[in-house]
>>> print(open('upload_13.cif').read())   # mmCIF, C-alpha atoms
data_input
loop_
_atom_site.label_atom_id
_atom_site.label_comp_id
_atom_site.auth_asym_id
_atom_site.auth_seq_id
_atom_site.Cartn_x
_atom_site.Cartn_y
_atom_site.Cartn_z
CA MET E 1 169.28 66.75 68.61
CA SER E 2 172.80 67.11 70.00
CA ARG E 3 173.40 70.32 71.93
CA ALA E 4 176.94 70.45 70.49
CA LEU E 5 175.58 70.43 66.93
CA LEU E 6 173.15 73.25 67.69
CA SER E 7 175.90 75.28 69.37
CA HIS E 8 178.10 74.86 66.28
CA ILE E 9 175.28 76.01 64.04
CA LEU E 10 174.44 79.04 66.17
CA HIS E 11 178.05 80.26 66.22
CA ARG E 12 178.73 79.73 62.51
CA PRO E 13 178.45 82.94 60.44
CA PRO E 14 175.32 82.91 58.29
CA LEU E 15 175.64 82.47 54.53
CA LEU E 16 174.29 85.14 52.22
CA ALA E 17 172.71 82.59 49.92
CA SER E 18 172.19 78.87 49.54
CA ARG E 19 172.23 76.71 46.43
CA SER E 20 169.12 75.04 47.75
CA GLY E 21 167.26 78.32 47.69
CA ILE E 22 166.15 77.86 51.30
CA ARG E 23 166.15 81.08 53.29
CA GLY E 24 168.25 81.12 56.45
CA GLY E 25 170.11 83.37 58.87
CA ALA E 26 168.16 86.16 60.49
CA ILE E 27 165.29 85.63 62.88
CA PRO E 28 161.96 86.43 61.21
CA SER E 29 160.50 89.77 62.29
CA SER E 30 157.18 88.10 63.01
CA LEU E 31 155.73 84.63 62.87
CA ARG E 32 153.85 83.81 59.74
CA ALA E 33 150.09 83.73 60.15
CA LEU E 34 148.82 80.29 60.95
CA ARG E 35 146.17 79.09 58.57
CA LEU E 36 144.17 76.20 59.87
CA ASN E 37 142.23 74.26 57.30
CA CYS E 38 140.40 71.46 59.02
CA SER E 39 138.14 70.50 56.13
CA ALA E 40 138.68 67.30 54.21
CA VAL E 41 138.41 67.06 50.45
CA GLU E 42 136.93 63.81 49.23
CA ALA E 43 138.62 62.56 46.10
CA THR E 44 136.40 61.42 43.25
CA ASN E 45 137.60 58.21 41.67
CA THR E 46 137.08 57.21 38.06
CA ALA E 47 138.02 54.09 36.18
CA ASP E 48 141.16 55.82 34.84
CA GLU E 49 142.24 57.57 38.04
CA SER E 50 143.99 56.29 41.15
CA PRO E 51 142.68 57.44 44.53
CA ALA E 52 144.52 60.49 45.80
CA PRO E 53 146.71 59.73 48.82
CA PRO E 54 145.28 61.06 52.08
CA ALA E 55 146.67 64.46 53.07
CA ARG E 56 149.26 64.22 55.82
CA LYS E 57 148.13 65.80 59.04
CA LYS E 58 150.37 68.49 60.44
CA ARG E 59 152.32 67.44 63.51
CA VAL E 60 151.93 69.10 66.91
CA VAL E 61 154.47 68.54 69.71
CA SER E 62 154.07 69.79 73.28
CA GLY E 63 154.72 68.78 76.88
CA VAL E 64 154.55 69.65 80.58
CA GLN E 65 157.27 69.27 83.20
CA PRO E 66 156.65 66.74 86.01
CA THR E 67 157.53 69.28 88.69
CA GLY E 68 154.97 70.07 91.39
CA MET E 69 151.30 69.38 90.86
CA VAL E 70 149.60 69.90 87.50
CA HIS E 71 147.33 72.88 88.10
CA LEU E 72 144.38 74.62 86.49
CA GLY E 73 146.68 76.87 84.45
CA ASN E 74 148.43 73.84 82.90
CA TYR E 75 145.07 72.27 82.18
CA LEU E 76 143.19 75.24 80.70
CA GLY E 77 146.27 76.71 79.02
CA ALA E 78 147.59 73.49 77.49
CA ILE E 79 146.17 70.03 78.22
CA LYS E 80 142.48 70.85 77.62
CA ASN E 81 143.44 72.36 74.28
CA TRP E 82 145.40 69.22 73.39
CA VAL E 83 142.22 67.16 73.62
CA ALA E 84 140.79 69.14 70.69
CA LEU E 85 144.09 69.15 68.76
CA GLN E 86 144.37 65.33 68.75
CA ASP E 87 141.38 65.15 66.40
CA LEU E 88 142.88 67.65 63.94
CA TYR E 89 146.60 66.87 63.90
CA GLU E 90 149.19 64.16 64.39
CA THR E 91 149.99 64.83 68.04
CA PHE E 92 152.89 63.99 70.34
CA PHE E 93 152.50 64.95 73.99
CA PHE E 94 155.38 64.16 76.27
CA ILE E 95 156.33 64.44 79.92
CA VAL E 96 159.33 66.75 79.99
CA ASP E 97 161.36 65.03 82.69
CA LEU E 98 164.77 66.12 81.37
CA HIS E 99 163.73 69.76 81.61
CA ALA E 100 162.82 69.11 85.24
CA ILE E 101 166.46 68.52 86.18
CA THR E 102 167.60 71.97 85.05
CA LEU E 103 166.92 73.07 88.65
CA PRO E 104 167.64 71.25 91.93
CA TYR E 105 165.13 68.42 92.42
CA GLU E 106 164.39 65.42 94.62
CA ALA E 107 165.46 62.32 92.66
CA PRO E 108 163.05 59.89 94.42
CA GLN E 109 160.10 62.08 93.43
CA LEU E 110 160.93 62.44 89.74
CA SER E 111 159.73 59.03 88.51
CA LYS E 112 156.61 59.23 90.67
CA ALA E 113 155.75 62.69 89.33
CA THR E 114 156.43 61.53 85.77
CA ARG E 115 153.91 58.68 86.03
CA SER E 116 151.39 60.97 87.71
CA THR E 117 151.68 63.56 84.93
CA ALA E 118 151.18 60.88 82.26
CA ALA E 119 148.08 59.63 84.09
CA ILE E 120 146.73 63.18 84.22
CA TYR E 121 147.16 63.52 80.44
CA LEU E 122 144.99 60.44 79.97
CA ALA E 123 142.48 61.41 82.65
CA CYS E 124 141.97 64.81 81.01
CA GLY E 125 140.98 63.17 77.74
CA ILE E 126 144.16 62.58 75.75
CA ASP E 127 143.40 59.41 73.78
CA SER E 128 146.38 57.11 73.21
CA SER E 129 144.71 55.79 70.04
CA LYS E 130 144.85 59.31 68.57
CA ALA E 131 147.91 60.87 70.25
CA SER E 132 151.36 59.56 71.19
CA ILE E 133 152.16 60.01 74.89
CA PHE E 134 155.74 59.43 75.97
CA VAL E 135 158.41 60.36 78.49
CA GLN E 136 161.17 62.64 77.19
CA SER E 137 164.00 60.55 78.66
CA HIS E 138 162.66 57.38 77.03
CA VAL E 139 163.95 58.61 73.66
CA HIS E 140 167.69 58.02 73.74
CA ASP E 141 169.06 61.14 72.05
CA PRO E 142 167.70 63.67 74.56
CA ILE E 143 169.45 61.64 77.28
CA GLN E 144 172.76 61.97 75.46
CA ARG E 145 172.49 65.75 75.29
CA GLU E 146 170.95 66.54 78.64
CA VAL E 147 171.84 64.24 81.53
CA THR E 148 175.45 65.40 81.86
CA GLN E 149 174.53 69.06 81.46
CA GLY E 150 171.79 68.70 84.05
CA GLY E 151 174.42 67.67 86.57
CA ALA E 152 177.06 70.23 85.62
CA SER E 153 176.93 73.49 87.56
CA PHE E 154 177.63 77.05 86.54
CA ALA E 155 180.86 78.48 87.92
CA GLY E 156 180.29 80.15 91.26
CA ASN E 157 176.84 78.71 91.91
CA GLU E 158 176.24 75.01 92.54
CA ASN E 159 172.47 75.52 92.34
CA VAL E 160 172.54 76.81 88.75
CA GLY E 161 172.91 73.93 86.28
CA VAL E 162 174.40 74.44 82.84
CA ALA E 163 171.19 73.09 81.34
CA LEU E 164 169.24 76.00 82.85
CA LEU E 165 171.45 78.49 81.04
CA THR E 166 171.08 76.62 77.74
CA TYR E 167 167.36 75.95 78.20
CA PRO E 168 166.24 77.72 74.97
CA VAL E 169 168.45 75.36 72.95
CA LEU E 170 167.10 72.38 74.87
CA MET E 171 163.57 73.42 74.00
CA ALA E 172 164.50 74.03 70.36
CA SER E 173 166.11 70.62 70.04
CA ASP E 174 162.93 68.88 71.23
CA ILE E 175 160.81 70.71 68.67
CA LEU E 176 163.22 70.04 65.81
CA LEU E 177 163.98 66.43 66.75
CA TYR E 178 160.33 65.43 66.27
CA GLN E 179 159.84 67.54 63.12
CA SER E 180 156.99 69.58 64.57
CA ASP E 181 154.89 71.69 62.21
CA LEU E 182 153.06 73.52 64.99
CA VAL E 183 153.90 74.29 68.61
CA PRO E 184 151.12 75.37 71.01
CA VAL E 185 152.19 78.58 72.77
CA GLY E 186 150.45 81.50 74.43
CA GLU E 187 150.38 84.92 72.82
CA ASP E 188 153.05 86.02 75.30
CA GLN E 189 155.36 83.13 74.35
CA THR E 190 155.71 83.38 70.57
CA GLN E 191 159.24 84.75 71.01
CA HIS E 192 160.24 81.38 72.48
CA LEU E 193 159.93 79.91 68.98
CA GLU E 194 162.22 82.45 67.35
CA LEU E 195 165.45 80.63 68.25
CA THR E 196 163.98 77.32 67.08
CA ARG E 197 163.00 78.83 63.75
CA GLU E 198 166.41 80.42 63.32
CA ILE E 199 168.21 77.14 64.00
CA SER E 200 165.94 75.27 61.60
CA GLU E 201 166.47 77.77 58.79
CA ARG E 202 170.24 77.93 59.32
CA VAL E 203 170.65 74.14 59.34
CA ASN E 204 168.60 73.89 56.16
CA ASN E 205 170.67 76.67 54.62
CA LEU E 206 174.08 75.35 55.67
CA TYR E 207 173.59 71.62 55.11
CA GLY E 208 170.33 70.94 53.30
CA GLY E 209 169.25 71.04 49.69
CA ARG E 210 171.79 70.06 47.02
CA LYS E 211 174.61 69.86 49.55
CA TRP E 212 172.84 67.03 51.36
CA LYS E 213 171.84 65.35 48.11
CA LYS E 214 175.50 65.22 46.98
CA LEU E 215 176.24 63.23 50.14
CA GLY E 216 173.62 60.64 49.22
CA GLY E 217 170.64 62.22 50.98
CA ARG E 218 167.24 63.04 49.55
CA GLY E 219 167.91 66.78 49.50
CA GLY E 220 165.50 69.47 50.60
CA SER E 221 165.03 70.60 54.20
CA LEU E 222 166.53 68.74 57.16
CA PHE E 223 164.16 70.39 59.62
CA LYS E 224 160.69 71.79 59.44
CA VAL E 225 160.35 75.45 60.37
CA PRO E 226 157.69 75.35 63.11
CA GLU E 227 154.82 77.78 63.44
CA ALA E 228 153.11 78.98 66.60
CA LEU E 229 149.69 77.52 67.35
CA ILE E 230 147.90 80.09 69.49
CA PRO E 231 145.24 78.61 71.83
CA PRO E 232 141.82 80.24 72.28
CA ALA E 233 141.76 83.61 73.99
CA GLY E 234 141.39 83.50 77.75
CA ALA E 235 143.41 80.31 78.22
CA ARG E 236 146.09 82.15 80.19
CA VAL E 237 145.15 81.53 83.81
CA MET E 238 146.46 83.90 86.45
CA SER E 239 147.31 83.41 90.12
CA LEU E 240 144.45 83.37 92.65
CA THR E 241 146.47 85.72 94.86
CA ASP E 242 147.72 88.12 92.16
CA GLY E 243 145.77 88.71 88.98
CA LEU E 244 148.88 90.08 87.24
CA SER E 245 150.99 86.91 87.66
CA LYS E 246 150.49 83.61 85.88
CA MET E 247 149.33 80.62 87.90
CA SER E 248 152.54 78.72 88.59
CA LYS E 249 153.83 75.52 90.17
CA SER E 250 156.76 77.43 91.61
CA ALA E 251 154.73 80.07 93.48
CA PRO E 252 155.47 79.67 97.21
CA SER E 253 151.82 79.69 98.29
CA ASP E 254 149.59 76.76 97.32
CA LEU E 255 146.64 79.16 97.71
CA SER E 256 147.71 80.78 94.46
CA ARG E 257 146.61 77.81 92.33
CA ILE E 258 143.97 75.13 91.93
CA ASN E 259 145.70 71.78 91.49
CA LEU E 260 143.84 69.29 89.32
CA LEU E 261 143.86 66.73 92.13
CA ASP E 262 142.78 69.10 94.91
CA PRO E 263 139.89 67.63 96.94
CA LYS E 264 136.59 69.49 97.15
CA ASP E 265 137.21 71.12 100.53
CA VAL E 266 140.55 72.50 99.36
CA ILE E 267 138.99 74.00 96.23
CA VAL E 268 136.24 75.59 98.34
CA ASN E 269 138.83 77.14 100.66
CA LYS E 270 141.07 78.43 97.87
CA ILE E 271 138.25 80.12 95.95
CA LYS E 272 136.80 81.56 99.14
CA ARG E 273 140.16 83.15 99.99
CA CYS E 274 141.21 84.20 96.47
CA LYS E 275 141.89 87.88 95.81
CA THR E 276 139.09 90.07 94.42
CA ASP E 277 138.32 93.81 94.46
CA SER E 278 135.75 96.11 96.02
CA LEU E 279 134.22 97.44 92.81
CA PRO E 280 130.60 96.61 91.93
CA GLY E 281 129.63 94.36 89.05
CA PHE E 282 131.74 92.07 86.88
CA GLU E 283 133.86 93.02 83.86
CA PHE E 284 136.10 91.06 81.50
CA ASP E 285 137.99 93.92 79.88
CA ASN E 286 138.78 96.43 82.62
CA PRO E 287 142.61 96.49 82.99
CA GLU E 288 142.17 97.90 86.50
CA ARG E 289 140.44 94.67 87.58
CA PRO E 290 142.82 91.79 86.72
CA GLU E 291 141.43 89.45 89.39
CA CYS E 292 137.89 89.96 88.14
CA LYS E 293 138.92 89.19 84.57
CA ASN E 294 140.83 86.09 85.65
CA LEU E 295 138.00 84.54 87.67
CA LEU E 296 135.41 85.32 85.00
CA SER E 297 137.67 83.79 82.34
CA VAL E 298 138.15 80.60 84.35
CA TYR E 299 134.38 80.31 84.81
CA GLN E 300 133.80 80.94 81.10
CA ILE E 301 136.24 78.23 79.96
CA ILE E 302 135.14 75.68 82.55
CA THR E 303 131.46 76.08 81.65
CA GLY E 304 131.96 76.55 77.89
CA LYS E 305 129.86 79.73 77.91
CA THR E 306 130.45 82.92 75.95
CA LYS E 307 131.57 86.17 77.57
CA GLU E 308 128.14 87.63 77.00
CA GLU E 309 126.44 84.68 78.69
CA VAL E 310 128.76 84.91 81.70
CA VAL E 311 128.25 88.67 82.11
CA SER E 312 124.49 88.26 81.81
CA GLU E 313 124.44 85.44 84.36
CA CYS E 314 126.65 87.21 86.87
CA GLN E 315 125.59 90.86 86.54
CA ASP E 316 123.42 90.84 89.66
CA MET E 317 125.75 88.70 91.80
CA ASN E 318 128.07 89.83 94.55
CA TRP E 319 131.50 88.30 95.06
CA GLY E 320 130.25 85.79 97.60
CA THR E 321 127.60 84.44 95.26
CA PHE E 322 129.95 84.34 92.29
CA LYS E 323 132.68 82.51 94.23
CA ALA E 324 130.18 79.84 95.25
CA THR E 325 129.06 79.50 91.62
CA LEU E 326 132.65 79.25 90.40
CA THR E 327 133.52 76.69 93.08
CA ASP E 328 130.62 74.44 92.11
CA ALA E 329 131.60 74.66 88.42
CA LEU E 330 135.23 73.78 89.18
CA ILE E 331 134.32 70.80 91.37
CA ASP E 332 131.84 69.47 88.79
CA HIS E 333 134.44 69.80 86.02
CA LEU E 334 137.41 68.31 87.88
CA GLN E 335 135.64 65.45 89.66
CA PRO E 336 135.46 63.12 86.59
CA ILE E 337 139.14 63.82 85.86
CA GLN E 338 140.08 62.88 89.42
CA VAL E 339 138.07 59.66 89.28
CA ARG E 340 139.65 58.65 85.97
CA TYR E 341 143.13 59.52 87.30
CA GLU E 342 142.71 57.10 90.22
CA GLU E 343 141.57 54.34 87.84
CA ILE E 344 144.64 54.82 85.63
CA MET E 345 147.07 54.91 88.54
CA ALA E 346 145.55 51.65 89.82
CA ASP E 347 146.48 49.96 86.53
CA PRO E 348 150.26 50.44 86.09
CA GLY E 349 150.42 47.91 83.28
CA TYR E 350 148.09 50.01 81.13
CA LEU E 351 150.05 53.21 81.80
CA ASP E 352 153.36 51.50 81.01
CA SER E 353 152.01 50.18 77.71
CA VAL E 354 150.82 53.65 76.66
CA LEU E 355 154.21 55.20 77.42
CA LEU E 356 156.10 52.37 75.70
CA ASP E 357 154.02 52.71 72.54
CA GLY E 358 154.41 56.49 72.51
CA ALA E 359 158.18 56.30 73.01
CA GLY E 360 158.45 53.84 70.12
CA LYS E 361 156.67 56.20 67.72
CA ALA E 362 158.68 59.20 68.93
CA SER E 363 161.96 57.28 68.58
CA GLU E 364 161.21 56.41 64.96
CA ILE E 365 160.96 60.10 64.12
CA ALA E 366 163.96 61.09 66.26
CA ASP E 367 166.18 58.37 64.76
CA ALA E 368 165.28 59.40 61.21
CA THR E 369 165.96 63.07 61.99
CA LEU E 370 169.35 62.33 63.52
CA SER E 371 170.36 59.99 60.71
CA ASN E 372 169.63 62.70 58.15
CA VAL E 373 171.43 65.40 60.10
CA TYR E 374 174.53 63.25 60.68
CA GLN E 375 174.64 62.38 56.98
CA ALA E 376 174.18 65.97 55.83
CA MET E 377 176.85 67.27 58.23
CA GLY E 378 179.36 64.68 57.06
CA PHE E 379 179.75 62.53 60.17
CA LEU E 380 181.17 59.03 59.75
CA ARG E 381 178.47 56.60 60.83
CA ARG E 382 179.36 53.45 62.72
#
>>> encode(input="upload_13.cif", output="structure tokens")
Amino acid sequence: MSRALLSHILHRPPLLASRSGIRGGAIPSSLRALRLNCSAVEATNTADESPAPPARKKRVVSGVQPTGMVHLGNYLGAIKNWVALQDLYETFFFIVDLHAITLPYEAPQLSKATRSTAAIYLACGIDSSKASIFVQSHVHDPIQREVTQGGASFAGNENVGVALLTYPVLMASDILLYQSDLVPVGEDQTQHLELTREISERVNNLYGGRKWKKLGGRGGSLFKVPEALIPPAGARVMSLTDGLSKMSKSAPSDLSRINLLDPKDVIVNKIKRCKTDSLPGFEFDNPERPECKNLLSVYQIITGKTKEEVVSECQDMNWGTFKATLTDALIDHLQPIQVRYEEIMADPGYLDSVLLDGAGKASEIADATLSNVYQAMGFLRR
């Protein structure tokens, strides 16, 4: 979606009403509750009835930047959840390489990191027969809107790119371009969708419905209004050195995170040195013990156990015993991912074919979206 088009829409005064009857303008006060219905209804056929068409799966779009190493927070907070989503929805998972150039970066490392991130998606269990995996820059329209802005700098600071300052619009355009129904976000990130929802509703209000139909279009909405898809509780992984800060690629100390490709001895060292407290016992819900909650939560998700099972198992442990238990669980969980990652990276032809197929499917959706928007806004097509 062109950044110029979104800027025009954001600065145009909202209309009080639309002939199409589609609500637009103000940002919703809260996101509508997400109702997930994963059951299938089997149609009963008779001699006089045609089979009902299969219900269209809702579409989920999400991605991770190829900056730094993919870490445990990325995996437990996003990628691991995607593995379950691919069986329930039509899923598009992309490597967000254009977002990566909103800050200074090393050009020779970008393509290498992009391939590595794609291989990690596959190694973690994303199935290319169920989900579309692609690179953001492989779909032509995002290139048109982002490459020049990634290189332009903000007045007075050469290290601040224009794209960084317009990042919310960049994110919104990705969601809208691929007509996403649902966007996986953490409970602390639902506000990130508000701008996207506002843009969608305003475009539909200003250009959709009967106005679009008069120009030869099908009418109705140009964009879907996406909903937040909240992952399971506890998927927000915090830093190993500060239980109040999220685990991050940009944190200066590598001791603050477990990278998915860390070897065993590095994982042992990081868990051994991670921050804890001096209080006895283990608790999930004590706000005065953020590090305790974080480490217990990681262990719970990695092992697939309930809170009650974890508390029961660990109630008589000290920190030394628990850290050893957590380390063993992490190594056992990550080792198959690391083995599969090496197999994928050793077969570049396979990885290229997955990305090519994913980009083709994403481009079909993007091209259709842009064609509709250009028509509805009155642009002369070549």
>>> resolve_selection(input="upload_13.cif", expression="the PyMOL selection byres ((chain E and resi 73-77) around 9)", output="PyMOL selection string")
chain E and resi 64+70-72+78-81+124+185-186+231-232+234-239+246-248+257-260+298+301-302
>>> residues_around(input="upload_13.cif", residues="Glu308 in chain E", least_positions_apart="3", cutoff="12 Å", atoms="all atoms listed in the file", output="count of residues only")
13
>>> closest_residue(input="upload_13.cif", among="E:Val139, E:Gln109, E:Lys293, E:Phe93", to="Asp367 in chain E", atoms="all atoms listed in the file")
E:Val139
>>> closest_residue(input="upload_13.cif", among="E:Leu215, E:Val61, E:Ile199, E:Ile331", to="Ile267 in chain E", atoms="only C-alpha atoms")
E:Ile331
>>> closest_residue(input="upload_13.cif", among="E:Val183, E:Val373, E:Ala55, E:Leu122", to="Val339 in chain E", atoms="only C-alpha atoms")
E:Leu122
>>> resolve_selection(input="upload_13.cif", expression="the PyMOL selection byres ((chain E and resi 195) around 8)", output="MDAnalysis selection string")
chainID E and resid 27 168:169 172 191:194 196:199
>>> closest_residue(input="upload_13.cif", among="E:Val135, E:Leu110, E:Ile230, E:Val203", to="Leu85 in chain E", atoms="all atoms listed in the file")
E:Ile230
>>> atom_distance(input="upload_13.cif", atom1="CA of Glu364 in chain E", atom2="CA of Tyr178 in chain E")
9.2 Å
>>> resolve_selection(input="upload_13.cif", expression="the PyMOL selection byres ((chain E and resi 207-211) around 6)", output="ChimeraX atom specification")
/E:20,203-206,212-214,219-222,376
>>> closest_residue(input="upload_13.cif", among="E:Ala107, E:Ala118, E:Leu244, E:Ile175", to="Pro287 in chain E", atoms="only C-alpha atoms")
E:Leu244
>>> closest_residue(input="upload_13.cif", among="E:Thr91, E:Ser353, E:Gln375, E:Ser116", to="Val60 in chain E", atoms="all atoms listed in the file")
E:Thr91
>>> residues_around(input="upload_13.cif", residues="Val354 in chain E", least_positions_apart="3", cutoff="9 Å", atoms="all atoms listed in the file", output="PyMOL selection string")
chain E and resi 128+132-134+349-351+357-359
>>> write_last_selection(input="upload_13.cif", atoms="C-alpha atoms", output="short mmCIF file (atom, residue, chain, number, x, y, z; two decimals), in the coordinates of the input")
data_model
loop_
_atom_site.label_atom_id
_atom_site.label_comp_id
_atom_site.auth_asym_id
_atom_site.auth_seq_id
_atom_site.Cartn_x
_atom_site.Cartn_y
_atom_site.Cartn_z
CA SER E 128 146.38 57.11 73.21
CA SER E 132 151.36 59.56 71.19
CA ILE E 133 152.16 60.01 74.89
CA PHE E 134 155.74 59.43 75.97
CA GLY E 349 150.42 47.91 83.28
CA TYR E 350 148.09 50.01 81.13
CA LEU E 351 150.05 53.21 81.80
CA ASP E 357 154.02 52.71 72.54
CA GLY E 358 154.41 56.49 72.51
CA ALA E 359 158.18 56.30 73.01
#
>>> atom_distance(input="upload_13.cif", atom1="CA of Gly243 in chain E", atom2="CA of Arg289 in chain E")
8.1 Å
>>> atom_distance(input="upload_13.cif", atom1="CA of Thr327 in chain E", atom2="CA of Glu291 in chain E")
15.5 Å
>>> residues_near_point(input="upload_13.cif", point="(146.1, 65.1, 70.3)", cutoff="7 Å", atoms="all atoms listed in the file", output="PDB file with C-alpha atoms, keeping the file's coordinate frame")
ATOM      1  CA  TRP E  82     145.400  69.220  73.390  1.00  0.00           C
ATOM      2  CA  VAL E  83     142.220  67.160  73.620  1.00  0.00           C
ATOM      3  CA  ALA E  84     140.790  69.140  70.690  1.00  0.00           C
ATOM      4  CA  LEU E  85     144.090  69.150  68.760  1.00  0.00           C
ATOM      5  CA  GLN E  86     144.370  65.330  68.750  1.00  0.00           C
ATOM      6  CA  ASP E  87     141.380  65.150  66.400  1.00  0.00           C
ATOM      7  CA  TYR E  89     146.600  66.870  63.900  1.00  0.00           C
ATOM      8  CA  GLU E  90     149.190  64.160  64.390  1.00  0.00           C
ATOM      9  CA  THR E  91     149.990  64.830  68.040  1.00  0.00           C
ATOM     10  CA  PHE E  92     152.890  63.990  70.340  1.00  0.00           C
ATOM     11  CA  ILE E 126     144.160  62.580  75.750  1.00  0.00           C
ATOM     12  CA  LYS E 130     144.850  59.310  68.570  1.00  0.00           C
ATOM     13  CA  ALA E 131     147.910  60.870  70.250  1.00  0.00           C
TER      14      ALA E 131
END
>>> residues_around(input="upload_13.cif", residues="Ser111 in chain E", least_positions_apart="4", cutoff="12 Å", atoms="only C-alpha atoms", output="list in words")
Gln65, Pro66, Thr67, Ile95, Val96, Asp97, Leu98, Ala100, Ile101, Tyr105, Glu106, Ala107, Arg115, Ser116, Thr117, Ala118, Val135, Gln136, Ser137 and His138 of chain E
